[in-house]
file final.tsv (TSV, C-alpha atoms and all ligand atoms)
chain	number	residue	atom	x	y	z
A	1	MET	CA	236.83	277.55	160.56
A	2	LYS	CA	239.52	277.70	163.31
A	3	TYR	CA	242.34	276.26	161.21
A	4	LYS	CA	244.47	279.28	160.25
A	5	ILE	CA	248.05	278.22	159.53
A	6	LYS	CA	248.30	276.85	156.03
A	7	LEU	CA	250.28	273.65	156.45
A	8	SER	CA	248.72	271.68	153.64
A	9	ARG	CA	250.79	270.72	150.60
A	10	LYS	CA	250.73	273.02	147.55
A	11	ILE	CA	249.17	270.33	145.37
A	12	LEU	CA	245.97	270.53	147.44
A	13	GLN	CA	245.23	273.93	145.90
A	14	GLN	CA	244.80	272.17	142.57
A	15	LEU	CA	242.58	269.36	143.88
A	16	GLU	CA	238.82	269.17	144.10
A	17	VAL	CA	236.97	267.17	146.74
A	18	TYR	CA	235.51	264.02	145.15
A	19	PRO	CA	231.76	264.69	145.22
A	20	GLU	CA	230.24	262.24	147.68
A	21	LEU	CA	226.80	261.08	146.76
A	22	GLU	CA	223.78	262.44	148.57
A	23	THR	CA	221.23	259.89	149.76
A	24	LEU	CA	218.96	259.72	146.76
A	25	SER	CA	215.24	259.37	146.44
A	26	PRO	CA	214.44	255.65	146.04
A	27	THR	CA	212.33	256.48	142.99
A	28	LEU	CA	215.32	257.91	141.11
A	29	ILE	CA	216.71	255.67	138.37
A	30	LYS	CA	220.42	255.54	139.06
A	31	LEU	CA	222.38	255.05	135.87
A	32	ASP	CA	225.41	257.20	136.72
A	33	ALA	CA	228.01	255.05	138.49
A	34	ASN	CA	228.29	251.77	136.57
A	35	GLU	CA	226.85	249.84	139.47
A	36	ASN	CA	225.17	246.48	139.11
A	37	PRO	CA	221.42	247.00	139.53
A	38	TYR	CA	220.83	243.37	140.58
A	39	GLY	CA	223.13	243.34	143.60
A	40	PRO	CA	225.14	240.36	144.83
A	41	SER	CA	224.30	236.65	145.10
A	42	PRO	CA	221.83	235.83	147.90
A	43	LYS	CA	224.66	233.72	149.40
A	44	VAL	CA	226.47	236.97	150.20
A	45	PHE	CA	223.75	238.05	152.64
A	46	HIS	CA	223.97	234.77	154.50
A	47	ALA	CA	227.79	235.01	154.74
A	48	ILE	CA	227.56	238.57	156.08
A	49	MET	CA	225.07	237.53	158.75
A	50	GLU	CA	227.43	234.76	159.87
A	51	GLU	CA	230.33	237.20	160.13
A	52	LEU	CA	228.48	239.70	162.32
A	53	GLY	CA	229.47	237.90	165.50
A	54	HIS	CA	233.16	238.66	164.81
A	55	LEU	CA	232.94	242.41	164.25
A	56	HIS	CA	234.86	243.19	167.47
A	57	ARG	CA	237.96	241.44	166.06
A	58	TYR	CA	240.33	242.79	163.42
A	59	PRO	CA	240.25	240.84	160.16
A	60	THR	CA	242.69	237.92	159.91
A	61	LYS	CA	244.69	236.92	156.83
A	62	PRO	CA	242.02	236.16	154.19
A	63	LYS	CA	243.61	232.85	153.15
A	64	CYS	CA	240.39	231.24	151.89
A	65	LEU	CA	239.49	234.29	149.81
A	66	LEU	CA	242.99	234.49	148.30
A	67	GLU	CA	242.75	230.81	147.38
A	68	ALA	CA	239.30	231.26	145.83
A	69	LEU	CA	240.49	234.29	143.88
A	70	ALA	CA	243.58	232.44	142.72
A	71	LYS	CA	241.32	229.72	141.35
A	72	TYR	CA	239.03	232.30	139.71
A	73	ALA	CA	242.00	234.04	138.03
A	74	SER	CA	244.00	230.82	137.34
A	75	VAL	CA	247.03	232.04	139.31
A	76	LYS	CA	248.53	231.29	142.75
A	77	PRO	CA	247.48	233.04	146.00
A	78	GLU	CA	250.91	234.74	146.16
A	79	ASN	CA	249.99	236.51	142.92
A	80	ILE	CA	247.09	238.35	144.56
A	81	ILE	CA	246.64	241.35	146.85
A	82	LEU	CA	243.35	242.73	148.18
A	83	GLY	CA	242.44	246.39	148.41
A	84	ASN	CA	239.72	248.53	149.94
A	85	GLY	CA	238.21	248.82	146.50
A	86	SER	CA	240.50	248.69	143.49
A	87	ASP	CA	241.00	252.44	144.04
A	88	GLU	CA	243.21	251.57	147.01
A	89	ILE	CA	245.32	249.24	144.89
A	90	LEU	CA	246.02	252.10	142.47
A	91	GLU	CA	247.22	254.20	145.43
A	92	MET	CA	249.40	251.34	146.68
A	93	LEU	CA	251.04	251.12	143.28
A	94	LEU	CA	251.99	254.79	143.44
A	95	LYS	CA	253.26	254.43	147.02
A	96	ALA	CA	255.39	251.43	146.07
A	97	PHE	CA	256.84	252.57	142.76
A	98	VAL	CA	256.81	256.34	142.39
A	99	GLU	CA	259.31	258.84	143.82
A	100	PRO	CA	258.49	262.58	143.50
A	101	GLY	CA	259.29	263.64	139.93
A	102	ASP	CA	258.92	260.16	138.45
A	103	GLU	CA	256.64	259.89	135.45
A	104	VAL	CA	253.41	258.00	134.90
A	105	ILE	CA	251.48	257.70	131.65
A	106	VAL	CA	247.71	257.68	131.30
A	107	SER	CA	245.38	257.90	128.33
A	108	THR	CA	242.27	260.08	128.10
A	109	PRO	CA	239.32	259.95	128.25
A	110	SER	CA	239.49	257.39	131.03
A	111	PHE	CA	238.86	256.72	134.72
A	112	GLN	CA	240.53	259.56	136.59
A	113	ILE	CA	241.27	258.29	140.08
A	114	PHE	CA	244.74	257.06	139.13
A	115	GLN	CA	245.66	260.38	137.57
A	116	LYS	CA	244.57	262.28	140.67
A	117	ALA	CA	246.42	259.90	143.01
A	118	ALA	CA	249.54	260.27	140.84
A	119	ARG	CA	249.47	264.04	141.18
A	120	ILE	CA	249.14	263.70	144.96
A	121	ALA	CA	252.17	261.37	144.86
A	122	SER	CA	254.12	264.21	143.12
A	123	ALA	CA	254.48	262.22	139.92
A	124	LYS	CA	254.64	263.91	136.54
A	125	VAL	CA	251.52	262.78	134.67
A	126	LYS	CA	251.89	262.39	130.91
A	127	VAL	CA	248.56	262.23	129.10
A	128	VAL	CA	248.22	260.49	125.73
A	129	LYS	CA	244.88	261.09	124.02
A	130	MET	CA	242.94	258.14	122.64
A	131	LEU	CA	242.32	258.07	118.89
A	132	GLU	CA	239.04	259.19	117.33
A	133	ASP	CA	237.58	255.66	117.30
A	134	TRP	CA	238.45	255.32	121.03
A	135	SER	CA	241.32	252.95	120.37
A	136	TRP	CA	244.63	253.63	122.11
A	137	ASP	CA	247.53	255.51	120.58
A	138	ILE	CA	249.96	252.67	121.31
A	139	GLU	CA	252.88	254.32	119.49
A	140	GLY	CA	252.16	257.61	121.31
A	141	ILE	CA	252.16	255.84	124.68
A	142	LEU	CA	255.44	254.03	123.93
A	143	LYS	CA	257.00	257.28	122.71
A	144	ALA	CA	256.06	258.97	126.00
A	145	VAL	CA	258.11	256.41	127.99
A	146	THR	CA	261.40	257.80	129.37
A	147	PRO	CA	263.90	256.45	131.93
A	148	LEU	CA	261.81	258.22	134.59
A	149	THR	CA	258.57	256.38	133.66
A	150	LYS	CA	257.46	254.00	136.40
A	151	LEU	CA	253.84	253.21	135.60
A	152	ILE	CA	251.50	253.16	132.62
A	153	TYR	CA	247.82	253.06	133.59
A	154	LEU	CA	245.23	251.85	131.08
A	155	CYS	CA	241.71	250.65	131.58
A	156	SER	CA	240.14	247.89	129.46
A	157	PRO	CA	237.20	247.85	128.90
A	158	ASN	CA	237.82	251.55	129.17
A	159	ASN	CA	235.54	253.66	131.32
A	160	PRO	CA	233.86	255.63	129.72
A	161	THR	CA	234.51	254.71	126.06
A	162	GLY	CA	233.78	250.98	126.41
A	163	SER	CA	236.67	250.08	124.10
A	164	VAL	CA	239.10	247.22	124.77
A	165	LEU	CA	242.81	246.65	124.23
A	166	SER	CA	243.83	243.67	122.09
A	167	GLU	CA	246.20	241.02	123.38
A	168	LYS	CA	248.75	242.14	120.80
A	169	GLU	CA	248.57	245.75	122.04
A	170	ILE	CA	248.97	244.68	125.68
A	171	LEU	CA	252.00	242.53	124.87
A	172	LYS	CA	253.57	245.38	122.92
A	173	LEU	CA	253.00	247.85	125.78
A	174	SER	CA	254.31	245.37	128.33
A	175	GLU	CA	257.71	245.48	126.62
A	176	ALA	CA	258.20	249.04	127.93
A	177	PRO	CA	260.67	249.17	130.84
A	178	CYS	CA	258.03	250.08	133.43
A	179	ILE	CA	254.97	248.59	135.09
A	180	LEU	CA	251.86	248.30	132.98
A	181	ILE	CA	248.69	248.60	135.07
A	182	LEU	CA	245.64	247.20	133.37
A	183	ASP	CA	242.44	248.19	135.13
A	184	GLU	CA	239.95	245.42	134.37
A	185	ALA	CA	237.12	246.64	136.61
A	186	TYR	CA	234.62	245.67	133.87
A	187	TRP	CA	236.25	242.57	132.37
A	188	GLU	CA	233.38	240.22	133.28
A	189	PHE	CA	231.04	242.21	130.99
A	190	PHE	CA	233.53	241.65	128.16
A	191	GLY	CA	234.32	238.04	128.99
A	192	LYS	CA	238.05	238.14	128.30
A	193	SER	CA	240.80	238.98	130.77
A	194	SER	CA	244.49	239.69	130.26
A	195	ALA	CA	245.45	237.84	133.43
A	196	GLY	CA	246.52	234.93	131.21
A	197	LEU	CA	249.30	237.12	129.80
A	198	LEU	CA	251.02	237.46	133.17
A	199	ASP	CA	253.33	234.49	132.55
A	200	GLY	CA	254.89	236.20	129.55
A	201	ALA	CA	254.56	239.80	130.72
A	202	LYS	CA	256.17	239.96	134.17
A	203	ASN	CA	255.70	243.70	134.61
A	204	LEU	CA	251.95	243.55	133.99
A	205	ILE	CA	249.54	244.08	136.88
A	206	VAL	CA	245.85	243.41	136.40
A	207	VAL	CA	243.57	245.32	138.76
A	208	ARG	CA	240.01	244.13	139.30
A	209	THR	CA	237.07	244.73	141.59
A	210	PHE	CA	234.04	243.14	143.24
A	211	SER	CA	232.14	246.43	142.76
A	212	LYS	CA	230.78	245.77	139.27
A	213	ALA	CA	229.88	242.26	138.07
A	214	PHE	CA	229.71	240.90	141.65
A	215	GLY	CA	227.51	243.80	142.81
A	216	LEU	CA	229.50	244.67	145.95
A	217	ALA	CA	230.30	248.37	145.36
A	218	GLY	CA	229.07	249.34	148.83
A	219	LEU	CA	231.49	247.00	150.61
A	220	ARG	CA	234.69	248.28	148.94
A	221	ILE	CA	236.78	245.33	147.88
A	222	GLY	CA	239.10	244.98	144.90
A	223	TYR	CA	242.22	243.01	144.09
A	224	ALA	CA	245.25	242.87	141.85
A	225	ILE	CA	246.95	239.99	140.09
A	226	ALA	CA	250.67	240.19	139.34
A	227	ASP	CA	254.06	238.58	139.61
A	228	SER	CA	254.71	237.66	143.27
A	229	GLY	CA	257.63	240.15	143.36
A	230	ILE	CA	255.24	243.02	142.57
A	231	ILE	CA	252.73	241.71	145.13
A	232	ASP	CA	255.49	241.55	147.79
A	233	ASP	CA	256.34	245.20	147.12
A	234	LEU	CA	252.67	246.22	147.39
A	235	MET	CA	252.26	244.27	150.66
A	236	LYS	CA	254.97	246.47	152.20
A	237	VAL	CA	253.01	249.70	151.60
A	238	LYS	CA	249.56	248.29	152.37
A	239	VAL	CA	247.95	249.58	155.55
A	240	PRO	CA	247.08	246.84	158.03
A	241	PHE	CA	243.50	245.50	157.99
A	242	ASN	CA	242.68	247.45	154.83
A	243	VAL	CA	239.79	245.17	153.87
A	244	ASN	CA	237.08	244.65	156.46
A	245	ARG	CA	235.62	241.36	157.67
A	246	LEU	CA	232.24	241.78	155.98
A	247	ALA	CA	233.83	242.52	152.62
A	248	ILE	CA	236.09	239.47	152.89
A	249	ALA	CA	233.18	237.18	153.82
A	250	ALA	CA	231.01	238.66	151.06
A	251	ALA	CA	233.65	238.32	148.35
A	252	LYS	CA	234.29	234.71	149.33
A	253	ALA	CA	230.57	233.91	149.18
A	254	ALA	CA	230.26	235.71	145.84
A	255	LEU	CA	233.02	233.52	144.40
A	256	GLU	CA	231.21	230.44	145.66
A	257	ASP	CA	228.28	231.43	143.46
A	258	ILE	CA	229.98	232.28	140.17
A	259	GLY	CA	226.89	230.94	138.36
A	260	TYR	CA	224.82	233.83	139.77
A	261	MET	CA	227.35	236.43	138.59
A	262	GLU	CA	227.52	234.82	135.15
A	263	ARG	CA	223.72	234.87	134.82
A	264	ILE	CA	223.58	238.53	135.81
A	265	THR	CA	226.38	239.58	133.47
A	266	ARG	CA	224.66	237.73	130.62
A	267	ILE	CA	221.46	239.68	131.31
A	268	ILE	CA	223.39	242.97	131.47
A	269	ARG	CA	225.15	242.22	128.18
A	270	GLU	CA	221.82	241.52	126.50
A	271	GLU	CA	220.36	244.72	127.96
A	272	ARG	CA	223.44	246.63	126.77
A	273	ARG	CA	222.70	245.48	123.23
A	274	LYS	CA	219.06	246.60	123.49
A	275	LEU	CA	220.03	249.93	125.02
A	276	TYR	CA	222.59	250.54	122.28
A	277	ASP	CA	220.04	249.69	119.57
A	278	GLY	CA	217.50	251.99	121.24
A	279	LEU	CA	220.01	254.85	121.30
A	280	MET	CA	220.94	254.22	117.66
A	281	GLY	CA	217.28	254.69	116.82
A	282	LEU	CA	217.17	258.21	118.26
A	283	PRO	CA	217.98	261.27	116.14
A	284	LYS	CA	221.09	263.39	116.88
A	285	ILE	CA	222.34	260.90	119.46
A	286	LYS	CA	225.53	258.95	118.93
A	287	PRO	CA	226.18	255.94	121.15
A	288	TYR	CA	229.47	254.02	121.02
A	289	PRO	CA	229.68	250.22	121.17
A	290	SER	CA	230.77	249.14	124.64
A	291	GLN	CA	232.21	246.05	126.31
A	292	GLY	CA	231.45	247.42	129.80
A	293	ASN	CA	228.14	247.80	131.67
A	294	PHE	CA	227.75	251.35	130.37
A	295	ILE	CA	227.44	253.22	127.09
A	296	LEU	CA	229.15	256.44	126.05
A	297	VAL	CA	226.76	258.80	124.27
A	298	ASP	CA	227.69	261.85	122.21
A	299	VAL	CA	224.91	264.44	122.64
A	300	SER	CA	226.72	267.32	120.86
A	301	LYS	CA	224.26	267.42	117.95
A	302	THR	CA	221.14	267.72	120.14
A	303	GLY	CA	221.68	271.41	120.87
A	304	LEU	CA	222.06	270.65	124.58
A	305	ASP	CA	225.46	270.21	126.18
A	306	SER	CA	226.06	267.22	128.44
A	307	GLU	CA	225.35	269.19	131.61
A	308	ALA	CA	222.01	270.43	130.30
A	309	MET	CA	221.12	266.98	128.98
A	310	ALA	CA	221.93	265.34	132.33
A	311	LYS	CA	219.78	267.99	134.04
A	312	GLU	CA	216.84	267.36	131.69
A	313	LEU	CA	217.11	263.63	132.41
A	314	LEU	CA	217.31	264.30	136.15
A	315	ASN	CA	214.10	266.32	135.90
A	316	LYS	CA	212.58	263.11	134.58
A	317	GLY	CA	213.98	261.08	137.48
A	318	ILE	CA	217.03	259.62	135.74
A	319	LEU	CA	220.60	260.09	136.87
A	320	VAL	CA	223.34	259.72	134.25
A	321	ARG	CA	227.01	260.79	134.31
A	322	ASN	CA	227.71	264.15	132.70
A	323	LEU	CA	231.29	263.82	131.44
A	324	SER	CA	232.05	267.53	131.00
A	325	ASP	CA	234.73	267.37	133.73
A	326	LEU	CA	236.62	264.51	132.07
A	327	GLY	CA	239.59	265.37	129.84
A	328	GLY	CA	240.09	263.98	126.35
A	329	PHE	CA	236.74	264.81	124.73
A	330	GLN	CA	235.84	267.12	121.92
A	331	GLY	CA	232.12	267.73	122.11
A	332	SER	CA	229.58	266.87	124.72
A	333	PHE	CA	229.23	263.38	126.17
A	334	ILE	CA	227.22	261.56	128.81
A	335	ARG	CA	227.67	258.01	130.09
A	336	VAL	CA	224.70	255.82	130.90
A	337	THR	CA	224.97	252.64	132.97
A	338	VAL	CA	223.06	249.60	131.75
A	339	GLY	CA	220.24	249.17	134.26
A	340	LYS	CA	217.33	246.76	134.60
A	341	PRO	CA	215.11	246.43	131.49
A	342	GLU	CA	212.41	248.75	132.87
A	343	GLU	CA	215.06	251.36	133.84
A	344	ASN	CA	216.66	251.31	130.40
A	345	GLU	CA	213.22	251.64	128.76
A	346	ARG	CA	212.39	254.63	131.01
A	347	PHE	CA	215.73	256.20	130.11
A	348	LEU	CA	215.16	255.75	126.36
A	349	ARG	CA	211.60	257.05	126.61
A	350	SER	CA	212.71	260.09	128.60
A	351	LEU	CA	215.53	260.86	126.18
A	352	LYS	CA	213.10	260.60	123.27
A	353	GLU	CA	210.70	263.03	125.00
A	354	ILE	CA	213.54	265.49	125.63
A	355	LEU	CA	214.59	265.35	121.97
A	356	GLU	CA	210.99	265.80	120.80
A	357	GLY	CA	210.61	268.75	123.18
A	358	LEU	CA	213.73	270.32	121.72
A	359	SER	CA	212.53	270.01	118.11
A	360	ASP	CA	209.09	271.44	119.14
A	361	ARG	CA	210.87	274.44	120.72
A	362	ARG	CA	212.70	275.03	117.46
A	363	VAL	CA	209.53	275.05	115.30
B	401	LIG	C1	237.88	251.75	135.64
B	401	LIG	C2	237.54	251.72	137.07
B	401	LIG	N1	238.43	251.28	137.94
B	401	LIG	C3	238.16	251.24	139.25
B	401	LIG	C4	236.94	251.66	139.73
B	401	LIG	C5	236.70	251.66	141.19
B	401	LIG	O1	236.49	250.41	141.64
B	401	LIG	P1	236.38	250.12	143.19
B	401	LIG	O2	234.94	250.28	143.54
B	401	LIG	O3	236.87	248.72	143.30
B	401	LIG	O4	237.27	251.08	143.93
B	401	LIG	C6	235.97	252.12	138.86
B	401	LIG	C7	234.66	252.57	139.38
B	401	LIG	O5	233.85	253.12	138.73
B	401	LIG	C8	236.29	252.15	137.49
B	401	LIG	O6	235.40	252.62	136.60
call {"tool": "encode", "arguments": {"input": "final.tsv", "output": "structure tokens"}}
result
Amino acid sequence: MKYKIKLSRKILQQLEVYPELETLSPTLIKLDANENPYGPSPKVFHAIMEELGHLHRYPTKPKCLLEALAKYASVKPENIILGNGSDEILEMLLKAFVEPGDEVIVSTPSFQIFQKAARIASAKVKVVKMLEDWSWDIEGILKAVTPLTKLIYLCSPNNPTGSVLSEKEILKLSEAPCILILDEAYWEFFGKSSAGLLDGAKNLIVVRTFSKAFGLAGLRIGYAIADSGIIDDLMKVKVPFNVNRLAIAAAKAALEDIGYMERITRIIREERRKLYDGLMGLPKIKPYPSQGNFILVDVSKTGLDSEAMAKELLNKGILVRNLSDLGGFQGSFIRVTVGKPEENERFLRSLKEILEGLSDRRV
């Protein structure tokens, strides 16, 4: 390495590189990243092919997509902003609203990208732990609000617990004098969104993605729905051409085939039920009910920690998320994405074999 003078910011010493995925063997069953195993509507492929002839041009204002999204979310186009994945929207929110030293509030265990981006933005991150049943400590969150608090970030359905906030809880939180970010990456698997509350809760921003129910994770496109004043602020910090032509064309085509997405999410919900029942039938394993396309599983009683359990499953060709690096847990937890029926069956069978192997070793 030639780079000798240390010019990087101090905060970088505390940050880890986000582990980028290796190209995986096609035989591996990938249940680690809450992706949609069915992929997008066939109409998406056609739209992408049509767009290929324009790749030498920068994207233009995605008016048609904004209109289609406005219809999908029952709002106006001026209430919507697009991001290079919803991750980018979370970063825009920090750029637009947080000065160094300002406070943000998050709950744990939850999706961590916002927390990391907040630390990079020199915000003070206040963490409020979820309650034992994976509901939110609403009073605790409200008590953590001070005059310096700019943003509260919550995720519902929450990754990885699968729990959801009630309308009453959201309205109560939205009375705090700061912006309430509701990450609804998985709302289609639940079926209810909070976007309808935006009329009454002006400081609410609902962040969503095409990566999950619409099966477009590889194209990186997300969006946020909020009061047009918040959207105007975000537009000022957005980098130009942040969403590429193929993603715009794909998202538009995906919205033209809502029926496909609804069919797929119905199948995933049904598979989620079967996977949960299967896990409930295994000894020493504790799954939690989930409204997302994943299930949180407590493996503490098996005698293996989550890292060892994930390794055992990997040896059997199944990739799950070991949650040992995620704050807010007591015990050992893994998260398994709901896959196709045959993948879920393989996962359950493999887990059963691992558990049987463990009890044989103990005899
Ligand atoms: C809660 C939550 N929000 C956002 C994302 C990222 O979405 P995107 O692919 O749109 O950046 C994820 C991805 O796993 C997630 O779990």
call {"tool": "axis_aligned_box", "arguments": {"input": "final.tsv", "around": "ligand LIG 401 (chain B)", "padding_each_side": "5 Å", "output": "lines of an AutoDock Vina configuration file"}}
result
center_x = 236.1
center_y = 250.9
center_z = 139.8
size_x = 14.6
size_y = 14.4
size_z = 18.3
call {"tool": "closest_residue", "arguments": {"input": "final.tsv", "among": "A:Ile285, A:Leu31, A:Ala213, A:Leu296", "to": "Tyr260 of chain A", "atoms": "only C-alpha atoms"}}
result
A:Ala213
call {"tool": "residues_near_ligand", "arguments": {"input": "final.tsv", "ligand": "ligand LIG 401 (chain B)", "cutoff": "8 Å", "atoms": "only C-alpha atoms and all ligand atoms", "output": "PyMOL selection string"}}
result
chain A and resi 33-35+83-88+110-111+113+155-160+183-186+207-212+217-218+220-223
call {"tool": "atom_distance", "arguments": {"input": "final.tsv", "atom1": "atom CA of Lys116 of chain A", "atom2": "atom CA of Glu16 of chain A"}}
result
9.6 Å
call {"tool": "atom_distance", "arguments": {"input": "final.tsv", "atom1": "atom CA of Lys192 of chain A", "atom2": "atom CA of Phe97 of chain A"}}
result
27.8 Å
call {"tool": "residues_around", "arguments": {"input": "final.tsv", "residues": "segment 253-256 of chain A", "least_positions_apart": "4", "cutoff": "8 Å", "atoms": "all atoms listed in the file", "output": "PDB file with C-alpha atoms, keeping the file's coordinate frame"}}
result
ATOM      1  CA  PRO A  40     225.140 240.360 144.830  1.00  0.00           C
ATOM      2  CA  SER A  41     224.300 236.650 145.100  1.00  0.00           C
ATOM      3  CA  LYS A  43     224.660 233.720 149.400  1.00  0.00           C
ATOM      4  CA  VAL A  44     226.470 236.970 150.200  1.00  0.00           C
ATOM      5  CA  ALA A  47     227.790 235.010 154.740  1.00  0.00           C
ATOM      6  CA  ALA A  68     239.300 231.260 145.830  1.00  0.00           C
ATOM      7  CA  LEU A  69     240.490 234.290 143.880  1.00  0.00           C
ATOM      8  CA  TYR A  72     239.030 232.300 139.710  1.00  0.00           C
ATOM      9  CA  PHE A 214     229.710 240.900 141.650  1.00  0.00           C
ATOM     10  CA  ALA A 249     233.180 237.180 153.820  1.00  0.00           C
ATOM     11  CA  MET A 261     227.350 236.430 138.590  1.00  0.00           C
TER      12      MET A 261
END
call {"tool": "closest_residue", "arguments": {"input": "final.tsv", "among": "A:Asn315, A:Asn344, A:Ser324, A:Ser74", "to": "Lys274 of chain A", "atoms": "all atoms listed in the file"}}
result
A:Asn344
call {"tool": "residues_near_point", "arguments": {"input": "final.tsv", "point": "(214.6, 259.4, 127.9)", "cutoff": "12 Å", "atoms": "only C-alpha atoms", "output": "PyMOL selection string"}}
result
chain A and resi 29+31+275+278-279+282+285+309-320+336+342-357
call {"tool": "atom_distance", "arguments": {"input": "final.tsv", "atom1": "atom CA of Leu154 of chain A", "atom2": "atom CA of Leu182 of chain A"}}
result
5.2 Å
call {"tool": "closest_residue", "arguments": {"input": "final.tsv", "among": "A:Met49, A:Val297, A:Ala251, A:Ile258", "to": "Leu66 of chain A", "atoms": "all atoms listed in the file"}}
result
A:Ala251
call {"tool": "residues_near_point", "arguments": {"input": "final.tsv", "point": "(248.6, 241.9, 124.6)", "cutoff": "12 Å", "atoms": "all atoms listed in the file", "output": "PyMOL selection string"}}
result
chain A and resi 138+156+164-175+180+182+192-201+204
call {"tool": "closest_residue", "arguments": {"input": "final.tsv", "among": "A:Lys340, A:Arg119, A:Lys150, A:Lys61", "to": "Ile267 of chain A", "atoms": "all atoms listed in the file"}}
result
A:Lys340
call {"tool": "closest_residue", "arguments": {"input": "final.tsv", "among": "A:Leu219, A:Ile141, A:Leu93, A:Ile81", "to": "Leu246 of chain A", "atoms": "all atoms listed in the file"}}
result
A:Leu219
call {"tool": "residues_around", "arguments": {"input": "final.tsv", "residues": "Phe189 of chain A", "least_positions_apart": "6", "cutoff": "8 Å", "atoms": "only C-alpha atoms", "output": "ChimeraX atom specification"}}
result
/A:213,265-266,268-269,291-293
call {"tool": "write_last_selection", "arguments": {"input": "final.tsv", "atoms": "C-alpha atoms", "output": "tab-separated table (two decimals), keeping the file's coordinate frame"}}
result
chain	number	residue	atom	x	y	z
A	213	ALA	CA	229.88	242.26	138.07
A	265	THR	CA	226.38	239.58	133.47
A	266	ARG	CA	224.66	237.73	130.62
A	268	ILE	CA	223.39	242.97	131.47
A	269	ARG	CA	225.15	242.22	128.18
A	291	GLN	CA	232.21	246.05	126.31
A	292	GLY	CA	231.45	247.42	129.80
A	293	ASN	CA	228.14	247.80	131.67
call {"tool": "closest_residue", "arguments": {"input": "final.tsv", "among": "A:Glu22, A:Asp133, A:Glu78, A:Glu262", "to": "Asp233 of chain A", "atoms": "only C-alpha atoms"}}
result
A:Glu78
